[in-house]
Structure formats: structure tokens, C-alpha cells
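Enquirer: Below is a structure I'd like to ask you about.
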Amino acid sequence: MKKAFLFVCVLSMGTVAWAQTAPPLGSAQSFAVLGASTVTNTGATIITGDLGVSPGTSCTGFPAPCTGGPGVVNGTIYVGAGSLAGPAQTDAAIAYGDLVAEACGTNLSGKILGTSPGAVTLAPGVYCFNSSAQLTGILTLSGSGIYVFQMKSTLTTAANSSVVLTNGATAANVFWQVGSSSTLGAGTVFVGSILAYTSDTLDSGVSVTGRVVALGAAVTLIDDTITVVASPVTQPCKDFTTGGGFITGPSGGKAAFGFEAGCKCAQDKDGSLRGEFVYHDQGIDMTSTSVTAYLETGPNSRRIQGTAEINGQDGTYQLDVSDNGSGTHSCAIRLSTGYSASGEVKGGQIEIHRCYPSGKDDHGKGCDNDDHGKGNDKDDHGKGNDKD
């Protein structure tokens, strides 16, 4: 093996439902509005952030490359699958799938957000509806953390309804997974990222701090204001994970990869992220260029996100890994190109190096050392990783 930590692992595509987590937005995070078939605007809509449509190419009511009109975009407009809107739609679909996979914490079926007892003020958590969800009046989200709302069907809001944030809640950490379509009534003040399976319609005078995404059809706007928010706030980095080997790729051959990511105990006391990730399969050659997120998705599971060069082109990646002790190790990879793979770790392993205030890892050694007190440039037998 080489120092690049070339490992073999099994890619498990399932999301660990341990605690609500922010989904990966990847290249979709800069988009305030993202439609699938078309984006249509009537009136003086103001978008702060990027505007995109893919795989469709129809965009009306905004400046070129749209048809022109009174709408304003304080960002970049991307049209068609060959633009950044293409991978953004792919990443948005991944985020949608992750939201669907979150375990429901509180079922609010039959309750009206902002009106029904138990649905007026909510703490961080995962809230689900067996069919549609409706908002009237004022919904208050109170407390720092992730808010996920899941609905099997539609999301509708009454005119002049609103979502209010307090006690540390932020729009960046609020997500609405809509099983069909969303319709926001006139004058609604809304926060969070709406990811609708089909379409989004905003009546006149709606304000959204977050994102409006339609995975299957159109986004329709009328004199609205949509402002994109920063990437979701994640929990502090407090450990370091290494791993590698090979899996059986989609082609049936060996897909090899290696990675290291997180915060090394003695070196990164400020929580700074570091790491690298390489992956090779038939027709896929990927090398990371940055690590942008390192998330604890379970007691023994971590999610790593970042940017990469994929077959010579800029893109993004998501890697989910699990350290199951002496059991089967697993990991999952998704690329912004649409590629995904999963399998069981063979010829290698995944290991989470947990850090403590002393700056040592689980074995009383600095995180730069492995389980046997040797530097990470050594393998389990004390040989350098430059050896096969």
C-alpha cells in the first residue's frame, strides 16, 4: 500500500438514523432557486444566490440566459444539464434521499403547523406527516440544531403565515422534504431549504430565507424574495478517521480507495478539518481537493464531504463509513457525476481515532499513531505503508 491510504472497503448506501443531520448539498448549496423543467417568474422577484434549471432549459422572467424580464438575480444563472445546474440537481436528489431516510422523531399527522397544540413551537428534531403538511399562523423554531420536516405529499402555507427562528435556530439548519409539491401562500415568510419531489409554487409577496428546489418539474414565482443561506452548521470535529482497501464496483471489478479525514488530536485543537480521499474504479479516477464537512452520523459512523477532481473535472463527493470493530466495515461513495457504489471492506479496514482532552486517541497515543503505537506510515505489522 502507498501512503495515500489506498484501502478497500464496502460501500453501504444506507443512512444511519442515529440523530438528525444536515443532508449533503454539494454543488446545490449556492442555489437559491433550482428547477427541473423550468423556472417561471412574473413580476419583480429578487433572488440572492444562484438560479438554475436542469435538465430543462426554459427560464422566463429573468435576465439572459433567461428570456429577460423584471426579475433580478444577485448571483449566476445556470441553464441546462451541461451547466452547474446539472450536478446541482444530482446533489439535491442525494440530499432529498438523505432527508427521506431520517428516522421520524415526532409524527405531526393531523396537526396544523403554527396552530395546533404541540405544533406551534418546536425544538430541533425530525417531524413527519403521513400525507400533507399545512402551515397557518406562526410556527416558532426554538433552539440550536437541525430541523427536518418530512411529508409524504404536499406542503401548503396559508396567506401571511410565517416561520420564526429563536434561541439559536438558523435557516441554514432547517429542511423541508416534500413528497410531491409545495405551494406557499401570498405574503408567507418562510425559512429553510424546500426540496420538493415535483414542483414549487410561490404566490405573490413570499419571502424565503433558504432554498427553493424542484426535483421533477417547475418553480413558479410571482413578486417574491428568495435569499440563499450558508451551508448547514455541523457539529464540531472531535476525532479522525482512516481507512481503505477495495470494494466490488458497479462494473464488477475491484474499486480501490483510501482516505483520512477529520481532526487530529494533538494537531487540530481548534477543530480544523484536514484529509484526503482517492478513489479508482473502471472509468472513474477521483482525487479530493478539499474536505468541507466531517459529520458524526452514528456512534461508529462518519460522513465526509468535499470537493474533488473527477476524471479531470471539478466535482464533489460524499463518503459514508462505519467502524464496526472486529465486524464488517462498510462505506458508501456518491459523486456529483451521479456515480455511486457500495460494498463490504475487503483487504483493509475503517478506523475511527477518538480524541480526548489529553490529546491522545483511544489507545493513549497521539492521533498520528495507529493502534500499535506506530506512526500511520506503518501498517499493522510495523511495516511502512509503502510496502505491499
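Following the order of the C-alpha cells, chains are lettered A, B, ..., residues in each are numbered from 1, and ligands are numbered from 1.
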For stretch 175-210 of chain A against stretch 22-44 of chain A, with a cut-off of 12 Å and counting only C-alpha atoms, what is the closest atom pair and its distance in Å to one decimal for every residue that makes the cut, ordered by chain and number, as CSV?
Expert:
```
residue,atom,partner,partner_atom,distance
A:Phe175,CA,A:Ala22,CA,8.1
A:Trp176,CA,A:Pro23,CA,11.2
A:Gln177,CA,A:Pro23,CA,10.9
A:Val191,CA,A:Ala32,CA,11.9
A:Gly192,CA,A:Ala32,CA,10.7
A:Ser193,CA,A:Ala32,CA,8.8
A:Ile194,CA,A:Val33,CA,9.7
A:Leu195,CA,A:Leu34,CA,9.5
A:Ala196,CA,A:Gly35,CA,9.9
A:Tyr197,CA,A:Ala36,CA,10.0
A:Thr198,CA,A:Ala36,CA,8.5
A:Ser199,CA,A:Gly35,CA,7.8
A:Asp200,CA,A:Gly35,CA,8.5
A:Thr201,CA,A:Thr40,CA,9.6
A:Leu202,CA,A:Asn41,CA,9.7
A:Asp203,CA,A:Thr42,CA,10.1
A:Ser204,CA,A:Gly43,CA,8.7
A:Gly205,CA,A:Ala44,CA,9.7
A:Val206,CA,A:Ala44,CA,11.8
A:Ser207,CA,A:Ala32,CA,11.7
A:Val208,CA,A:Ala32,CA,9.0
A:Thr209,CA,A:Ala32,CA,8.6
A:Gly210,CA,A:Ala32,CA,6.7
```
Enquirer: Those residues with N, CA and C atoms, as an mmCIF file, in the first residue's frame please?
Expert:
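That gives us part33.cif:
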```
data_model
loop_
_atom_site.group_PDB
_atom_site.id
_atom_site.type_symbol
_atom_site.label_atom_id
_atom_site.label_comp_id
_atom_site.auth_asym_id
_atom_site.auth_seq_id
_atom_site.Cartn_x
_atom_site.Cartn_y
_atom_site.Cartn_z
ATOM 1 N N PHE A 175 -34.834 22.079 7.064
ATOM 2 C CA PHE A 175 -35.035 21.380 5.793
ATOM 3 C C PHE A 175 -36.461 20.849 5.699
ATOM 4 N N TRP A 176 -37.063 21.030 4.521
ATOM 5 C CA TRP A 176 -38.430 20.598 4.242
ATOM 6 C C TRP A 176 -38.395 19.606 3.084
ATOM 7 N N GLN A 177 -38.635 18.333 3.360
ATOM 8 C CA GLN A 177 -38.675 17.291 2.337
ATOM 9 C C GLN A 177 -40.135 17.075 1.962
ATOM 10 N N VAL A 191 -38.665 30.044 6.166
ATOM 11 C CA VAL A 191 -37.230 29.789 6.312
ATOM 12 C C VAL A 191 -36.935 28.319 6.072
ATOM 13 N N GLY A 192 -35.749 28.068 5.560
ATOM 14 C CA GLY A 192 -35.294 26.704 5.358
ATOM 15 C C GLY A 192 -35.227 26.333 3.884
ATOM 16 N N SER A 193 -34.627 25.192 3.607
ATOM 17 C CA SER A 193 -34.477 24.682 2.246
ATOM 18 C C SER A 193 -35.621 23.741 1.932
ATOM 19 N N ILE A 194 -36.412 24.105 0.902
ATOM 20 C CA ILE A 194 -37.507 23.257 0.440
ATOM 21 C C ILE A 194 -36.983 22.383 -0.689
ATOM 22 N N LEU A 195 -37.048 21.076 -0.506
ATOM 23 C CA LEU A 195 -36.691 20.134 -1.561
ATOM 24 C C LEU A 195 -37.946 19.349 -1.906
ATOM 25 N N ALA A 196 -38.603 19.730 -2.998
ATOM 26 C CA ALA A 196 -39.854 19.116 -3.412
ATOM 27 C C ALA A 196 -39.599 18.109 -4.526
ATOM 28 N N TYR A 197 -40.239 16.963 -4.425
ATOM 29 C CA TYR A 197 -40.043 15.905 -5.410
ATOM 30 C C TYR A 197 -40.530 16.326 -6.790
ATOM 31 N N THR A 198 -41.597 17.153 -6.814
ATOM 32 C CA THR A 198 -42.154 17.563 -8.094
ATOM 33 C C THR A 198 -41.936 19.047 -8.358
ATOM 34 N N SER A 199 -42.724 19.943 -7.732
ATOM 35 C CA SER A 199 -42.672 21.355 -8.099
ATOM 36 C C SER A 199 -42.853 22.264 -6.891
ATOM 37 N N ASP A 200 -42.565 23.563 -7.105
ATOM 38 C CA ASP A 200 -42.749 24.596 -6.085
ATOM 39 C C ASP A 200 -43.475 25.777 -6.716
ATOM 40 N N THR A 201 -44.474 26.298 -5.997
ATOM 41 C CA THR A 201 -45.189 27.492 -6.442
ATOM 42 C C THR A 201 -45.220 28.500 -5.314
ATOM 43 N N LEU A 202 -44.731 29.706 -5.575
ATOM 44 C CA LEU A 202 -44.755 30.779 -4.589
ATOM 45 C C LEU A 202 -45.710 31.856 -5.075
ATOM 46 N N ASP A 203 -46.765 32.104 -4.288
ATOM 47 C CA ASP A 203 -47.688 33.178 -4.626
ATOM 48 C C ASP A 203 -47.014 34.522 -4.389
ATOM 49 N N SER A 204 -47.721 35.615 -4.647
ATOM 50 C CA SER A 204 -47.112 36.945 -4.612
ATOM 51 C C SER A 204 -46.668 37.345 -3.212
ATOM 52 N N GLY A 205 -45.508 38.001 -3.161
ATOM 53 C CA GLY A 205 -45.020 38.563 -1.914
ATOM 54 C C GLY A 205 -44.451 37.580 -0.925
ATOM 55 N N VAL A 206 -44.095 36.396 -1.360
ATOM 56 C CA VAL A 206 -43.499 35.392 -0.466
ATOM 57 C C VAL A 206 -42.024 35.723 -0.245
ATOM 58 N N SER A 207 -41.561 35.519 0.981
ATOM 59 C CA SER A 207 -40.153 35.685 1.315
ATOM 60 C C SER A 207 -39.610 34.358 1.836
ATOM 61 N N VAL A 208 -38.530 33.875 1.239
ATOM 62 C CA VAL A 208 -37.896 32.624 1.663
ATOM 63 C C VAL A 208 -36.431 32.888 1.963
ATOM 64 N N THR A 209 -36.017 32.548 3.164
ATOM 65 C CA THR A 209 -34.601 32.559 3.512
ATOM 66 C C THR A 209 -34.156 31.108 3.543
ATOM 67 N N GLY A 210 -33.504 30.677 2.504
ATOM 68 C CA GLY A 210 -33.145 29.268 2.369
ATOM 69 C C GLY A 210 -32.972 28.905 0.913
#
```
Enquirer: Which residues are close to stretch 155-172 of chain A, i.e. within 8 Å by only C-alpha atoms, leaving aside same-chain residues fewer than 2 positions away? Reply as a count of residues only.
Expert: 38
Enquirer: Using Å and a single decimal, report how far atom CA of A:Asn324 sits from atom CA of A:Arg302.
Expert: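 According to the coordinates, atom CA of A:Arg302 and atom CA of A:Asn324 are separated by 11.7 Å.
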Enquirer: Running DSSP on the backbone, which parts of stretch 162-296 of chain A land in strand (DSSP E or B), as a ChimeraX atom specification?
Expert: /A:162-166,174-178,182-184,189-196,200-202,207-214,219-222,225-227,239-248,254-262,274-281,284-296
Enquirer: Would you tabulate, counting only C-alpha atoms, all residues of stretch 151-265 of chain A that have an atom at most 8 Å from an atom of stretch 333-351 of chain A, showing the closest pair of atoms and their distance in Å to one decimal, sorted by chain then ascending number, as CSV?
Expert:
```
residue,atom,partner,partner_atom,distance
A:Thr241,CA,A:Glu351,CA,5.6
A:Thr242,CA,A:Glu351,CA,5.5
A:Gly243,CA,A:Ile350,CA,4.2
A:Gly244,CA,A:Gly348,CA,5.5
A:Gly245,CA,A:Gly348,CA,4.5
A:Phe246,CA,A:Lys346,CA,5.8
A:Ile247,CA,A:Gly343,CA,5.5
A:Thr248,CA,A:Gly343,CA,6.3
A:Gly249,CA,A:Ala341,CA,6.0
A:Pro250,CA,A:Ala341,CA,6.3
```
Enquirer: Considering only C-alpha atoms, state which residue in the set A:Ser288, A:Leu221, A:Gly80, A:Ile146 is at the smallest distance from A:Phe62.
Expert: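 When distances to A:Phe62 are compared using only C-alpha atoms, the smallest one comes from A:Leu221.
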Enquirer: Please, what distance in Å, to one decimal, runs between atom CA of A:Thr292 and atom CA of A:Gln150?
Expert: 26.0 Å
Enquirer: Interatomic distance between atom CA of A:Phe277 and atom CA of A:Gly258?
Expert: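 Separation between atom CA of A:Phe277 and atom CA of A:Gly258: 5.8 Å.
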Enquirer: Give me every alpha helix (DSSP H) residue in stretch 44-258 of chain A, going by DSSP on the backbone, as a ChimeraX atom specification.
Expert: /A:85-101
Enquirer: Using only C-alpha atoms, which residues sit within 7 Å of A:Asp281 once same-chain residues fewer than 6 positions away are excluded, as a PyMOL selection string?
Expert: chain A and resi 249+254-256
Enquirer: Would you output that residue set with N, CA and C atoms, as a PDB file, in the first residue's frame?
Expert:
```
ATOM      1  N   GLY A 249     -16.905  -2.835  -7.433  1.00  0.00           N
ATOM      2  CA  GLY A 249     -17.571  -1.672  -8.000  1.00  0.00           C
ATOM      3  C   GLY A 249     -18.749  -2.055  -8.874  1.00  0.00           C
ATOM      4  N   LYS A 254     -12.614  -4.608  -9.105  1.00  0.00           N
ATOM      5  CA  LYS A 254     -12.175  -4.052  -7.838  1.00  0.00           C
ATOM      6  C   LYS A 254     -12.096  -2.529  -7.934  1.00  0.00           C
ATOM      7  N   ALA A 255     -12.765  -1.867  -7.020  1.00  0.00           N
ATOM      8  CA  ALA A 255     -12.698  -0.407  -6.919  1.00  0.00           C
ATOM      9  C   ALA A 255     -11.916  -0.080  -5.650  1.00  0.00           C
ATOM     10  N   ALA A 256     -10.754   0.542  -5.815  1.00  0.00           N
ATOM     11  CA  ALA A 256      -9.854   0.782  -4.684  1.00  0.00           C
ATOM     12  C   ALA A 256      -9.918   2.233  -4.234  1.00  0.00           C
TER      13      ALA A 256
END
```
